[in-house]
Amino acid sequence: MKNKAILLLSICLFAACKQNTEQFDATGVFEADEVIISAEATGKLLNFTVEEGNNLKKGQIVAQIDCEQIKLQKQQTKATYNAVSQKQNNANPQIEVLKQQLIPLQRQVETQQEQVKVLEKERVRIDKLVKADAVPAKQLDDIVGQMAILQKQITATESQKVVIQQQITSQQQAVNIQNKGILSEQKPIAERLPLYDDQLRHCTLEAPFNGTVLLTYAKQNEVAAIGKPLFKMANLDTLQLRAYISGSQLSQVKLNQMVTVLVDDGKDKYRELQGKMVWIANKAEFTPKTIQTKDERANLVYAVKIKVPNDGFLKIGMYGEVILSEKTPKTDK
């Protein structure tokens with residue numbers, strides 16, 4: 001009787017195990033989008049206290065790299081920029097001298113013009129007397145001659161003024177050309193300043209998104225180089241279950257389909273979660289050795305990814321079982 005009881009119990013356990021293995025359609029492993037955060041500048045890690053398991057917020061400062069050399073280079077570039085500006089020529093002193101030369105010439109012209117006006121009045125008076133035969137005509141001729149001489153003197157003075165004005169314009173143009181060449185040296189120097197600012201921004205490293213630190217590769221006071229990995233992080237709020245289905249199961253799946261995911265919750269117990277089908281491979285591949293499908297006779301399978309919200313229970317690398325249909329699994333809770 002005892003042997004019969006043991007045999008009956010073994011048959012029941014075998015049947016139960018067989019039923020549990022057939023209640024899911026595929027199995028897979030939970031993954032996360034892991035991102036390796038690398039240094040973006042070269043220097044000593046002045047502040048790096050990130051530890052594995054830390055929860056980081058987007059924008060949180062996680063590392064400070066010593067970039068004193070970049071700051072010194074920026075200061076040197078600024079000094080060079082200011083030194084170039086000191087090379088500019090100033091035409092004002094020379095132009096002021098030329099303008100001072102214009103003042104007596106302008107006064108001379110004004111005086112000569114007044115003399116012309118006086119002579120014009122005298123010419124009119126003498127002209128009347130000549131017509132009345134009161135004075136000889138020679139006096140009228142002398143006045144007209146004096147007026148002609150004054151007009152020539154005024155013309156000559158005006159010409160001198162024009163020459164000086166041209167000298168002022170030439171002086172301004174010459175200085176502007178010289179300064180333009182000097183200022184052209186400033187532009188490439190000024191273009192380097194934003195480059196230093198960008199490099200200095202990279203000296204402060206921030207968390208790119210909310211997530212958990214999975215692994216660290218550096219310690220504080222170590223020297224980091226551009227591209228050197230510092231730590232690895234991932235957002236564990238939602239994990240992806242990468243599973244494989246056979247070709248005969250393709251008709252049962254579609255994108256954004258809600259499926260049931262089972263994970264181990266102690267001995268002979270399952271935790272039931274809901275997931276969304278977010279990716280289906282567009283071509284088949286050979287059955288992975290570590291993954292089982294419902295139809296183990298299939299030589300080719302299709303990879304799928306199922307996004308599952310994580311309540312803190314799911315871990316990267318944990319196995320999960322997928323139920324594609326809407327049947328209710330038999331779970332022991």
# chains A, B, ... in the order shown; residues from 1 in each chain; ligands from 1
$ residues_around --residues "stretch 248-260 of chain A" --least-positions-apart "2" --cutoff "8 Å" --atoms "only C-alpha atoms" --output "ChimeraX atom specification"
/A:245-246,262,272-280,322-326
$ write_last_selection --atoms "N, CA and C atoms" --output "PDB file, in the first residue's frame"
ATOM      1  N   ILE A 245       9.343  33.474 -29.594  1.00  0.00           N
ATOM      2  CA  ILE A 245       8.149  32.710 -29.953  1.00  0.00           C
ATOM      3  C   ILE A 245       8.401  32.002 -31.268  1.00  0.00           C
ATOM      4  N   SER A 246       7.678  30.933 -31.496  1.00  0.00           N
ATOM      5  CA  SER A 246       7.832  30.178 -32.740  1.00  0.00           C
ATOM      6  C   SER A 246       7.006  30.836 -33.838  1.00  0.00           C
ATOM      7  N   LEU A 262       4.516  36.119 -15.999  1.00  0.00           N
ATOM      8  CA  LEU A 262       4.653  35.440 -14.710  1.00  0.00           C
ATOM      9  C   LEU A 262       6.118  35.416 -14.305  1.00  0.00           C
ATOM     10  N   GLU A 272       1.967  37.600 -10.938  1.00  0.00           N
ATOM     11  CA  GLU A 272       1.364  37.891 -12.240  1.00  0.00           C
ATOM     12  C   GLU A 272       1.438  39.393 -12.519  1.00  0.00           C
ATOM     13  N   LEU A 273       1.989  39.750 -13.689  1.00  0.00           N
ATOM     14  CA  LEU A 273       2.136  41.136 -14.097  1.00  0.00           C
ATOM     15  C   LEU A 273       1.567  41.318 -15.500  1.00  0.00           C
ATOM     16  N   GLN A 274       1.259  42.539 -15.837  1.00  0.00           N
ATOM     17  CA  GLN A 274       0.769  42.864 -17.170  1.00  0.00           C
ATOM     18  C   GLN A 274       1.871  43.595 -17.945  1.00  0.00           C
ATOM     19  N   GLY A 275       2.042  43.178 -19.194  1.00  0.00           N
ATOM     20  CA  GLY A 275       3.048  43.807 -20.044  1.00  0.00           C
ATOM     21  C   GLY A 275       2.493  44.147 -21.409  1.00  0.00           C
ATOM     22  N   LYS A 276       3.227  45.019 -22.116  1.00  0.00           N
ATOM     23  CA  LYS A 276       2.804  45.429 -23.457  1.00  0.00           C
ATOM     24  C   LYS A 276       3.857  45.005 -24.473  1.00  0.00           C
ATOM     25  N   MET A 277       3.401  44.421 -25.566  1.00  0.00           N
ATOM     26  CA  MET A 277       4.284  43.993 -26.646  1.00  0.00           C
ATOM     27  C   MET A 277       4.731  45.237 -27.412  1.00  0.00           C
ATOM     28  N   VAL A 278       6.021  45.563 -27.318  1.00  0.00           N
ATOM     29  CA  VAL A 278       6.515  46.794 -27.938  1.00  0.00           C
ATOM     30  C   VAL A 278       7.409  46.547 -29.142  1.00  0.00           C
ATOM     31  N   TRP A 279       7.827  45.305 -29.361  1.00  0.00           N
ATOM     32  CA  TRP A 279       8.711  45.036 -30.503  1.00  0.00           C
ATOM     33  C   TRP A 279       8.610  43.575 -30.892  1.00  0.00           C
ATOM     34  N   ILE A 280       8.560  43.338 -32.202  1.00  0.00           N
ATOM     35  CA  ILE A 280       8.539  41.977 -32.748  1.00  0.00           C
ATOM     36  C   ILE A 280       9.577  41.938 -33.854  1.00  0.00           C
ATOM     37  N   VAL A 322       5.667  34.091 -20.371  1.00  0.00           N
ATOM     38  CA  VAL A 322       4.697  34.891 -21.097  1.00  0.00           C
ATOM     39  C   VAL A 322       3.488  34.044 -21.462  1.00  0.00           C
ATOM     40  N   ILE A 323       2.314  34.611 -21.230  1.00  0.00           N
ATOM     41  CA  ILE A 323       1.068  33.995 -21.668  1.00  0.00           C
ATOM     42  C   ILE A 323       0.463  34.925 -22.711  1.00  0.00           C
ATOM     43  N   LEU A 324       0.401  34.454 -23.944  1.00  0.00           N
ATOM     44  CA  LEU A 324      -0.094  35.282 -25.036  1.00  0.00           C
ATOM     45  C   LEU A 324      -1.609  35.352 -25.060  1.00  0.00           C
ATOM     46  N   SER A 325      -2.270  34.215 -24.759  1.00  0.00           N
ATOM     47  CA  SER A 325      -3.733  34.185 -24.794  1.00  0.00           C
ATOM     48  C   SER A 325      -4.284  34.782 -23.515  1.00  0.00           C
ATOM     49  N   GLU A 326      -5.591  34.871 -23.434  1.00  0.00           N
ATOM     50  CA  GLU A 326      -6.245  35.471 -22.287  1.00  0.00           C
ATOM     51  C   GLU A 326      -6.659  34.445 -21.253  1.00  0.00           C
TER      52      GLU A 326
END
$ select_by_dssp --residues "stretch 131-303 of chain A" --states "strand (DSSP E or B)" --output "PyMOL selection string"
chain A and resi 204-206+211-216+223-224+229-234+238-246+258-264+270-280+285-286+293+300-303
$ write_last_selection --atoms "N, CA and C atoms" --output "short mmCIF file (atom, residue, chain, number, x, y, z; two decimals), in the first residue's frame"
data_model
loop_
_atom_site.label_atom_id
_atom_site.label_comp_id
_atom_site.auth_asym_id
_atom_site.auth_seq_id
_atom_site.Cartn_x
_atom_site.Cartn_y
_atom_site.Cartn_z
N THR A 204 31.52 69.52 -15.75
CA THR A 204 30.49 69.16 -14.76
C THR A 204 29.57 68.14 -15.42
N LEU A 205 29.55 66.94 -14.87
CA LEU A 205 28.78 65.85 -15.46
C LEU A 205 27.46 65.71 -14.71
N GLU A 206 26.35 65.63 -15.47
CA GLU A 206 25.02 65.49 -14.89
C GLU A 206 24.38 64.18 -15.33
N GLY A 211 17.34 57.34 -13.01
CA GLY A 211 17.72 55.94 -13.08
C GLY A 211 18.53 55.50 -11.88
N THR A 212 18.97 54.25 -11.95
CA THR A 212 19.73 53.62 -10.87
C THR A 212 21.12 53.27 -11.36
N VAL A 213 22.11 53.50 -10.53
CA VAL A 213 23.49 53.16 -10.86
C VAL A 213 23.66 51.65 -10.75
N LEU A 214 24.08 51.02 -11.83
CA LEU A 214 24.26 49.57 -11.86
C LEU A 214 25.70 49.17 -11.57
N LEU A 215 26.65 49.96 -12.07
CA LEU A 215 28.05 49.59 -11.94
C LEU A 215 28.90 50.85 -12.06
N THR A 216 29.98 50.93 -11.27
CA THR A 216 30.90 52.06 -11.36
C THR A 216 32.24 51.57 -11.88
N VAL A 223 42.25 60.04 -12.47
CA VAL A 223 42.31 60.92 -13.64
C VAL A 223 41.42 60.35 -14.73
N ALA A 224 40.51 61.17 -15.18
CA ALA A 224 39.59 60.74 -16.24
C ALA A 224 40.03 61.35 -17.57
N PRO A 229 34.76 55.45 -19.44
CA PRO A 229 33.51 55.13 -18.71
C PRO A 229 33.67 55.41 -17.22
N LEU A 230 32.64 56.04 -16.64
CA LEU A 230 32.64 56.33 -15.21
C LEU A 230 31.67 55.43 -14.46
N PHE A 231 30.47 55.25 -15.01
CA PHE A 231 29.51 54.35 -14.37
C PHE A 231 28.43 53.98 -15.38
N LYS A 232 27.68 52.94 -15.04
CA LYS A 232 26.59 52.47 -15.87
C LYS A 232 25.29 52.65 -15.10
N MET A 233 24.24 53.14 -15.79
CA MET A 233 22.96 53.34 -15.13
C MET A 233 21.83 52.92 -16.06
N ALA A 234 20.67 52.72 -15.48
CA ALA A 234 19.50 52.35 -16.26
C ALA A 234 18.26 52.78 -15.49
N THR A 238 10.66 50.65 -15.59
CA THR A 238 10.04 49.73 -16.55
C THR A 238 11.14 48.87 -17.15
N LEU A 239 10.95 47.54 -17.12
CA LEU A 239 11.91 46.62 -17.71
C LEU A 239 11.30 46.00 -18.96
N GLN A 240 12.18 45.44 -19.79
CA GLN A 240 11.75 44.77 -21.00
C GLN A 240 12.06 43.28 -20.90
N LEU A 241 11.06 42.49 -21.15
CA LEU A 241 11.25 41.03 -21.17
C LEU A 241 11.51 40.62 -22.61
N ARG A 242 12.71 40.12 -22.85
CA ARG A 242 13.06 39.66 -24.19
C ARG A 242 12.79 38.16 -24.26
N ALA A 243 11.79 37.79 -25.03
CA ALA A 243 11.38 36.39 -25.15
C ALA A 243 11.42 35.97 -26.62
N TYR A 244 11.18 34.67 -26.86
CA TYR A 244 11.21 34.12 -28.21
C TYR A 244 9.96 33.29 -28.43
N ILE A 245 9.34 33.47 -29.59
CA ILE A 245 8.15 32.71 -29.95
C ILE A 245 8.40 32.00 -31.27
N SER A 246 7.68 30.93 -31.50
CA SER A 246 7.83 30.18 -32.74
C SER A 246 7.01 30.84 -33.84
N MET A 258 -1.50 43.60 -25.00
CA MET A 258 -1.28 43.35 -23.58
C MET A 258 -1.20 41.85 -23.35
N VAL A 259 -0.17 41.43 -22.63
CA VAL A 259 0.03 40.01 -22.34
C VAL A 259 0.25 39.85 -20.84
N THR A 260 0.17 38.62 -20.39
CA THR A 260 0.40 38.31 -18.98
C THR A 260 1.81 37.78 -18.81
N VAL A 261 2.52 38.29 -17.80
CA VAL A 261 3.89 37.88 -17.51
C VAL A 261 3.92 37.29 -16.11
N LEU A 262 4.52 36.12 -16.00
CA LEU A 262 4.65 35.44 -14.71
C LEU A 262 6.12 35.42 -14.30
N VAL A 263 6.39 35.74 -13.04
CA VAL A 263 7.74 35.63 -12.49
C VAL A 263 7.67 34.84 -11.20
N ASP A 264 8.76 34.17 -10.88
CA ASP A 264 8.79 33.34 -9.68
C ASP A 264 8.62 34.21 -8.43
N TYR A 270 3.90 32.10 -8.31
CA TYR A 270 4.14 33.04 -9.41
C TYR A 270 3.52 34.39 -9.08
N ARG A 271 4.21 35.44 -9.49
CA ARG A 271 3.66 36.79 -9.42
C ARG A 271 3.19 37.15 -10.82
N GLU A 272 1.97 37.60 -10.94
CA GLU A 272 1.36 37.89 -12.24
C GLU A 272 1.44 39.39 -12.52
N LEU A 273 1.99 39.75 -13.69
CA LEU A 273 2.14 41.14 -14.10
C LEU A 273 1.57 41.32 -15.50
N GLN A 274 1.26 42.54 -15.84
CA GLN A 274 0.77 42.86 -17.17
C GLN A 274 1.87 43.60 -17.95
N GLY A 275 2.04 43.18 -19.19
CA GLY A 275 3.05 43.81 -20.04
C GLY A 275 2.49 44.15 -21.41
N LYS A 276 3.23 45.02 -22.12
CA LYS A 276 2.80 45.43 -23.46
C LYS A 276 3.86 45.00 -24.47
N MET A 277 3.40 44.42 -25.57
CA MET A 277 4.28 43.99 -26.65
C MET A 277 4.73 45.24 -27.41
N VAL A 278 6.02 45.56 -27.32
CA VAL A 278 6.51 46.79 -27.94
C VAL A 278 7.41 46.55 -29.14
N TRP A 279 7.83 45.31 -29.36
CA TRP A 279 8.71 45.04 -30.50
C TRP A 279 8.61 43.58 -30.89
N ILE A 280 8.56 43.34 -32.20
CA ILE A 280 8.54 41.98 -32.75
C ILE A 280 9.58 41.94 -33.85
N GLU A 285 15.38 33.69 -36.24
CA GLU A 285 16.74 33.32 -35.92
C GLU A 285 16.72 31.94 -35.27
N PHE A 286 17.88 31.35 -35.13
CA PHE A 286 17.94 30.01 -34.55
C PHE A 286 17.58 30.04 -33.07
N THR A 293 10.63 27.65 -25.88
CA THR A 293 9.37 28.12 -26.43
C THR A 293 8.33 27.04 -26.23
N LEU A 300 13.49 27.66 -35.78
CA LEU A 300 13.61 29.11 -35.88
C LEU A 300 12.56 29.77 -35.02
N VAL A 301 12.96 30.88 -34.37
CA VAL A 301 12.03 31.61 -33.51
C VAL A 301 12.15 33.10 -33.81
N TYR A 302 11.20 33.87 -33.31
CA TYR A 302 11.19 35.32 -33.46
C TYR A 302 11.32 35.96 -32.08
N ALA A 303 12.22 36.92 -32.00
CA ALA A 303 12.41 37.64 -30.73
C ALA A 303 11.32 38.70 -30.57
#
$ atom_distance --atom1 "atom CA of A:Ile65" --atom2 "atom CA of A:Ile189"
25.5 Å
$ residues_around --residues "stretch 139-141 of chain A" --least-positions-apart "2" --cutoff "8 Å" --atoms "only C-alpha atoms" --output "number ranges by chain"
A: 123, 126-127, 130, 135-137, 143-145
$ write_last_selection --atoms "N, CA, C and O atoms" --output "short mmCIF file (atom, residue, chain, number, x, y, z; two decimals), in the first residue's frame"
data_model
loop_
_atom_site.label_atom_id
_atom_site.label_comp_id
_atom_site.auth_asym_id
_atom_site.auth_seq_id
_atom_site.Cartn_x
_atom_site.Cartn_y
_atom_site.Cartn_z
N ARG A 123 32.93 150.43 -56.33
CA ARG A 123 32.84 150.38 -57.80
C ARG A 123 31.56 151.01 -58.30
O ARG A 123 31.55 151.76 -59.31
N ILE A 126 31.98 154.82 -57.92
CA ILE A 126 32.90 155.39 -58.91
C ILE A 126 32.30 155.31 -60.31
O ILE A 126 32.50 156.21 -61.15
N ASP A 127 31.56 154.26 -60.56
CA ASP A 127 30.95 154.08 -61.87
C ASP A 127 30.01 155.25 -62.17
O ASP A 127 29.94 155.78 -63.31
N VAL A 130 32.14 158.35 -62.90
CA VAL A 130 32.76 158.27 -64.23
C VAL A 130 31.75 158.64 -65.30
O VAL A 130 32.05 159.37 -66.27
N VAL A 135 35.15 161.97 -62.28
CA VAL A 135 36.45 161.33 -61.96
C VAL A 135 36.92 160.62 -63.23
O VAL A 135 36.10 160.23 -64.09
N PRO A 136 38.23 160.43 -63.30
CA PRO A 136 38.73 159.72 -64.48
C PRO A 136 38.34 158.23 -64.44
O PRO A 136 38.12 157.64 -63.38
N ALA A 137 38.27 157.59 -65.57
CA ALA A 137 37.89 156.17 -65.68
C ALA A 137 38.92 155.23 -65.08
O ALA A 137 38.63 154.08 -64.74
N ILE A 143 39.70 149.78 -59.27
CA ILE A 143 38.82 149.04 -58.34
C ILE A 143 38.43 147.69 -58.92
O ILE A 143 38.44 146.66 -58.22
N VAL A 144 38.09 147.66 -60.19
CA VAL A 144 37.73 146.37 -60.82
C VAL A 144 38.92 145.42 -60.78
O VAL A 144 38.77 144.21 -60.54
N GLY A 145 40.12 145.92 -60.96
CA GLY A 145 41.31 145.07 -60.89
C GLY A 145 41.52 144.49 -59.49
O GLY A 145 41.87 143.31 -59.32
#
$ select_by_dssp --residues "stretch 86-116 of chain A" --states "helix (DSSP H, G or I)" --output "list in words"
Gln86, Asn92, Pro93, Gln94, Ile95, Glu96, Val97, Leu98, Lys99, Gln100, Gln101, Leu102, Ile103, Pro104, Leu105, Gln106, Arg107, Gln108, Val109, Glu110, Thr111, Gln112, Gln113, Glu114, Gln115 and Val116 of chain A
$ closest_residue --among "A:Ala281, A:Ile168, A:Ile226, A:Ala41" --to "A:Gly247" --atoms "only C-alpha atoms"
A:Ala281
$ closest_residue --among "A:Arg107, A:Lys219, A:Lys121, A:His202" --to "A:Thr42" --atoms "only C-alpha atoms"
A:His202
$ residues_around --residues "A:Asp237" --least-positions-apart "5" --cutoff "9 Å" --atoms "only C-alpha atoms" --output "MDAnalysis selection string"
chainID A and resid 211 308:312
$ write_last_selection --atoms "N, CA and C atoms" --output "mmCIF file, in the first residue's frame"
data_model
loop_
_atom_site.group_PDB
_atom_site.id
_atom_site.type_symbol
_atom_site.label_atom_id
_atom_site.label_comp_id
_atom_site.auth_asym_id
_atom_site.auth_seq_id
_atom_site.Cartn_x
_atom_site.Cartn_y
_atom_site.Cartn_z
ATOM 1 N N GLY A 211 17.339 57.337 -13.005
ATOM 2 C CA GLY A 211 17.723 55.936 -13.082
ATOM 3 C C GLY A 211 18.528 55.500 -11.879
ATOM 4 N N VAL A 308 7.329 45.847 -19.207
ATOM 5 C CA VAL A 308 6.614 45.505 -17.974
ATOM 6 C C VAL A 308 6.937 46.548 -16.904
ATOM 7 N N PRO A 309 5.936 47.212 -16.326
ATOM 8 C CA PRO A 309 6.188 48.152 -15.224
ATOM 9 C C PRO A 309 6.807 47.419 -14.036
ATOM 10 N N ASN A 310 7.778 48.070 -13.414
ATOM 11 C CA ASN A 310 8.503 47.446 -12.315
ATOM 12 C C ASN A 310 8.100 48.086 -10.993
ATOM 13 N N ASP A 311 7.594 47.276 -10.088
ATOM 14 C CA ASP A 311 7.223 47.759 -8.757
ATOM 15 C C ASP A 311 8.360 47.595 -7.760
ATOM 16 N N GLY A 312 9.563 47.314 -8.271
ATOM 17 C CA GLY A 312 10.720 47.092 -7.408
ATOM 18 C C GLY A 312 11.059 45.630 -7.246
#
$ residues_around --residues "stretch 160-163 of chain A" --least-positions-apart "6" --cutoff "12 Å" --atoms "only C-alpha atoms" --output "VMD selection string"
chain A and resid 98 to 109 153 to 154 169 to 170
$ write_last_selection --atoms "N, CA and C atoms" --output "PDB file, in the first residue's frame"
ATOM      1  N   LEU A  98      44.871 118.997 -38.795  1.00  0.00           N
ATOM      2  CA  LEU A  98      44.418 119.472 -40.105  1.00  0.00           C
ATOM      3  C   LEU A  98      43.206 120.391 -39.977  1.00  0.00           C
ATOM      4  N   LYS A  99      42.315 120.068 -39.054  1.00  0.00           N
ATOM      5  CA  LYS A  99      41.152 120.930 -38.842  1.00  0.00           C
ATOM      6  C   LYS A  99      41.573 122.303 -38.315  1.00  0.00           C
ATOM      7  N   GLN A 100      42.620 122.328 -37.490  1.00  0.00           N
ATOM      8  CA  GLN A 100      43.119 123.610 -36.992  1.00  0.00           C
ATOM      9  C   GLN A 100      43.677 124.462 -38.129  1.00  0.00           C
ATOM     10  N   GLN A 101      44.235 123.803 -39.150  1.00  0.00           N
ATOM     11  CA  GLN A 101      44.743 124.533 -40.314  1.00  0.00           C
ATOM     12  C   GLN A 101      43.614 125.127 -41.149  1.00  0.00           C
ATOM     13  N   LEU A 102      42.453 124.549 -41.058  1.00  0.00           N
ATOM     14  CA  LEU A 102      41.310 125.058 -41.823  1.00  0.00           C
ATOM     15  C   LEU A 102      40.756 126.351 -41.242  1.00  0.00           C
ATOM     16  N   ILE A 103      40.939 126.541 -39.949  1.00  0.00           N
ATOM     17  CA  ILE A 103      40.325 127.704 -39.280  1.00  0.00           C
ATOM     18  C   ILE A 103      40.864 129.033 -39.842  1.00  0.00           C
ATOM     19  N   PRO A 104      42.202 129.244 -39.903  1.00  0.00           N
ATOM     20  CA  PRO A 104      42.687 130.538 -40.462  1.00  0.00           C
ATOM     21  C   PRO A 104      42.332 130.715 -41.939  1.00  0.00           C
ATOM     22  N   LEU A 105      42.303 129.605 -42.668  1.00  0.00           N
ATOM     23  CA  LEU A 105      41.944 129.709 -44.077  1.00  0.00           C
ATOM     24  C   LEU A 105      40.494 130.152 -44.229  1.00  0.00           C
ATOM     25  N   GLN A 106      39.631 129.635 -43.379  1.00  0.00           N
ATOM     26  CA  GLN A 106      38.225 130.020 -43.443  1.00  0.00           C
ATOM     27  C   GLN A 106      38.062 131.497 -43.077  1.00  0.00           C
ATOM     28  N   ARG A 107      38.805 131.946 -42.064  1.00  0.00           N
ATOM     29  CA  ARG A 107      38.753 133.357 -41.685  1.00  0.00           C
ATOM     30  C   ARG A 107      39.295 134.262 -42.795  1.00  0.00           C
ATOM     31  N   GLN A 108      40.363 133.799 -43.463  1.00  0.00           N
ATOM     32  CA  GLN A 108      40.940 134.569 -44.569  1.00  0.00           C
ATOM     33  C   GLN A 108      39.931 134.722 -45.707  1.00  0.00           C
ATOM     34  N   VAL A 109      39.205 133.644 -46.011  1.00  0.00           N
ATOM     35  CA  VAL A 109      38.195 133.710 -47.058  1.00  0.00           C
ATOM     36  C   VAL A 109      37.096 134.688 -46.674  1.00  0.00           C
ATOM     37  N   GLN A 153      42.338 135.339 -55.079  1.00  0.00           N
ATOM     38  CA  GLN A 153      42.847 134.932 -53.762  1.00  0.00           C
ATOM     39  C   GLN A 153      41.830 134.047 -53.034  1.00  0.00           C
ATOM     40  N   ILE A 154      40.556 134.411 -53.150  1.00  0.00           N
ATOM     41  CA  ILE A 154      39.514 133.585 -52.524  1.00  0.00           C
ATOM     42  C   ILE A 154      39.498 132.188 -53.138  1.00  0.00           C
ATOM     43  N   THR A 169      40.114 113.279 -45.072  1.00  0.00           N
ATOM     44  CA  THR A 169      39.417 112.061 -45.533  1.00  0.00           C
ATOM     45  C   THR A 169      40.397 110.913 -45.761  1.00  0.00           C
ATOM     46  N   SER A 170      41.526 111.200 -46.398  1.00  0.00           N
ATOM     47  CA  SER A 170      42.541 110.163 -46.648  1.00  0.00           C
ATOM     48  C   SER A 170      43.085 109.594 -45.345  1.00  0.00           C
TER      49      SER A 170
END
